[in-house]
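S.K.: One structure is given below, represented as structure tokens, and several questions about it will come after.
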Amino acid sequence: MNQEVLLEVTNLSKKIGNTTIIHDLSFQLKKGEIKGLLGPNGSGKTTILKMIVGLLKPTSGSVKINQFDLHNNFSKAIANVGAIIENPELYEYLSGYDNLLQFYRLSPYCSKNRVEEVIQLLEMEDYIDDKVRTYSLGMLQRLGLAQALLHHPSLLLLDEPTNGLDPSGIQDLRKYLKKLAKEGVSVIISSHLLAEIEMICDSVIILNDGQLISDEKLEDIQSSGEGSIYLFHFLKNADLQSLLSGHPLSNRVISLSTKSLSINLTEIEVAELNHFLISNQVKVVGIEKERTSLEDAFLAKVKGEWQ
């Protein structure tokens with residue numbers, strides 16, 4: 001992957017009234033990288049995307065796209081950005097094709113042949129001439145993506161792009177985004193579908209309450225160390241919640257029952273916890289190391305208490 005930085009977000013904050021929505025966020029996106037943007041509802045994902053494209057003005061901090069500062073040189077910074085933020089905004093009384101023509105006319109770097117190209121790429125031939133008001137949610141998502149891709153963007157921002165897509169449509173989107181990344185396009189995807197993010201992204205940002213919790217490569221999240229999930233099995237019922245309530249590792253618990261415990265630990269901490277449990281007459285009969293899924297890592301990083 002080319003290591004050239006395409007997007008640089010530095011100390012970005014957003015305050016509304018006395019409430020800080022985004023806290024001092026910094027990250028980079030490299031050319032050809034696909035980065036997931038994850039967080040609980042209300043964590044600020046859409047707010048961040050809106051600030052990156054200039055729909056919201058940050059309280060402080062900066063955004064640079066292709067080395068152009070968004071505030072000081074907006075036109076050049078935004079020229080090669082495509083985005084779907086929340087829902088695609090389209091002309092419902094026009095056909096899908098006429099909608100794309102409208103966007104084509106607004107883009108100085110787009111040829112009319114490109115309209116036909118994106119229609120074919122996203123397989124919209126069967127309904128592109130129908131009025132947009134007749135479209136299903138999945139069809140609207142595809143048309144919105146087509147509009148975002150018309151001008152060959154080098155940066156693509158997608159807010160919940162799989163909304164309304166059936167499994168086949170999601171698979172097609174995944175393949176196309178990976179193809180774009182190989183061609184050097186950088187992508188940020190905000191989504192609540194963690195399994196889908198895991199199949200698409202190279203790296204993942206995890207947010208909680210507007211703060212950056214983690215910005216890591218996906219392979220690092222799935223490797224041993226901080227992101228490893230261990231499953232403890234017990235011979236008989238034990239009141240583990242009471243036993244662990246005051247333990248320093250209690251905030252690492254993923255799930256808990258009377259006969260099993262799933263917890264995020266390092267190897268040394270596994271030995272320490274096992275010793276603690278045995279010392280308290282808990283009969284541990286097995287410990288398994290599980291492959292860390294993105295869902296496990298997400299829960300471990302944003303939850304301070306077990307489910």
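Numbering starts fresh at 1 for the residues of each chain in the structure tokens, the chains themselves are lettered A, B, ... in the order given, and ligands are numbered from 1 as they appear.
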Produce a table with one row for each residue of range 87-184 of chain A that has an atom at most 10 Å from any atom of range 42-46 of chain A, each row naming the nearest atom pair and its distance in Å at one decimal; use only C-alpha atoms; arrange rows by chain and rising residue number; format as a tab-separated table.
M.R.:
```
residue	atom	partner	partner_atom	distance
A:Leu158	CA	A:Thr46	CA	9.6
A:Asp159	CA	A:Thr46	CA	6.9
A:Glu160	CA	A:Thr46	CA	9.5
```
S.K.: Glu290 in chain A: which residues within 8 Å, counting only C-alpha atoms, same-chain residues fewer than 2 positions away excluded, as a list in words?
M.R.: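 Skipping anything fewer than 2 positions along the chain leaves Ser228, Ile229, Tyr230, Leu231, Glu288 and Thr292 of chain A.
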S.K.: For the residues selected in the previous step, produce a file with N, CA and C atoms as a CSV table (one decimal), in the first residue's frame.
M.R.:
```csv
chain,number,residue,atom,x,y,z
A,228,SER,N,-6.6,-9.9,23.1
A,228,SER,CA,-6.9,-11.3,23.1
A,228,SER,C,-8.0,-11.6,24.1
A,229,ILE,N,-8.9,-12.4,23.6
A,229,ILE,CA,-10.1,-12.8,24.5
A,229,ILE,C,-9.9,-14.3,25.0
A,230,TYR,N,-10.0,-14.5,26.3
A,230,TYR,CA,-9.9,-15.8,26.9
A,230,TYR,C,-11.2,-16.2,27.5
A,231,LEU,N,-11.5,-17.5,27.3
A,231,LEU,CA,-12.7,-18.1,27.9
A,231,LEU,C,-12.4,-19.0,29.0
A,288,GLU,N,-9.5,-21.2,27.3
A,288,GLU,CA,-9.4,-21.2,25.9
A,288,GLU,C,-9.0,-19.8,25.4
A,292,THR,N,-9.6,-13.0,18.4
A,292,THR,CA,-10.3,-11.8,18.7
A,292,THR,C,-11.1,-11.2,17.5
```
S.K.: Could you check the closest approach to Phe27 in chain A for each of A:Glu125, A:Asp215, A:Asp220, A:Glu117 and tell me which residue wins, using only C-alpha atoms?
M.R.: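 Under the stated criterion, the closest residue is A:Asp215.
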S.K.: Near Asp130 in chain A, within 8 Å and counting only C-alpha atoms, which residues show up once chain neighbours fewer than 4 positions away are dropped, as a PDB file with all heavy atoms, in the first residue's frame?
M.R.:
```pdb
ATOM      1  N   SER A  95     -35.655  10.773 -12.878  1.00  0.00           N
ATOM      2  CA  SER A  95     -35.169   9.394 -12.943  1.00  0.00           C
ATOM      3  C   SER A  95     -33.773   9.322 -12.317  1.00  0.00           C
ATOM      4  O   SER A  95     -33.105  10.346 -12.109  1.00  0.00           O
ATOM      5  CB  SER A  95     -35.105   8.914 -14.387  1.00  0.00           C
ATOM      6  OG  SER A  95     -34.072   9.618 -15.089  1.00  0.00           O
ATOM      7  N   GLY A  96     -33.331   8.101 -12.040  1.00  0.00           N
ATOM      8  CA  GLY A  96     -31.979   7.925 -11.532  1.00  0.00           C
ATOM      9  C   GLY A  96     -30.948   8.462 -12.507  1.00  0.00           C
ATOM     10  O   GLY A  96     -29.983   9.119 -12.122  1.00  0.00           O
ATOM     11  N   THR A 134     -39.782   5.952  -6.766  1.00  0.00           N
ATOM     12  CA  THR A 134     -40.203   4.542  -6.753  1.00  0.00           C
ATOM     13  C   THR A 134     -39.107   3.620  -6.218  1.00  0.00           C
ATOM     14  O   THR A 134     -39.322   2.418  -6.097  1.00  0.00           O
ATOM     15  CB  THR A 134     -40.586   4.080  -8.174  1.00  0.00           C
ATOM     16  OG1 THR A 134     -39.415   4.058  -9.011  1.00  0.00           O
ATOM     17  CG2 THR A 134     -41.628   4.997  -8.786  1.00  0.00           C
ATOM     18  N   TYR A 135     -37.933   4.162  -5.904  1.00  0.00           N
ATOM     19  CA  TYR A 135     -36.787   3.344  -5.515  1.00  0.00           C
ATOM     20  C   TYR A 135     -36.936   2.781  -4.094  1.00  0.00           C
ATOM     21  O   TYR A 135     -37.459   3.446  -3.195  1.00  0.00           O
ATOM     22  CB  TYR A 135     -35.501   4.170  -5.565  1.00  0.00           C
ATOM     23  CG  TYR A 135     -34.906   4.352  -6.948  1.00  0.00           C
ATOM     24  CD1 TYR A 135     -35.669   4.189  -8.095  1.00  0.00           C
ATOM     25  CD2 TYR A 135     -33.563   4.711  -7.100  1.00  0.00           C
ATOM     26  CE1 TYR A 135     -35.118   4.373  -9.352  1.00  0.00           C
ATOM     27  CE2 TYR A 135     -33.004   4.891  -8.346  1.00  0.00           C
ATOM     28  CZ  TYR A 135     -33.782   4.723  -9.472  1.00  0.00           C
ATOM     29  OH  TYR A 135     -33.240   4.903 -10.714  1.00  0.00           O
TER      30      TYR A 135
END
```
S.K.: Quick one: distance from CA of Lys283 in chain A to CA of Lys259 in chain A in Å, one decimal?
M.R.: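 We find that CA of Lys283 in chain A and CA of Lys259 in chain A lie 9.8 Å from each other.
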S.K.: Based on the backbone DSSP call, show me all residues of range 10-159 of chain A assigned helix (DSSP H, G or I), as number ranges by chain.
M.R.: A: 45-52, 74-78, 96-106, 112-121, 132-134, 137-149
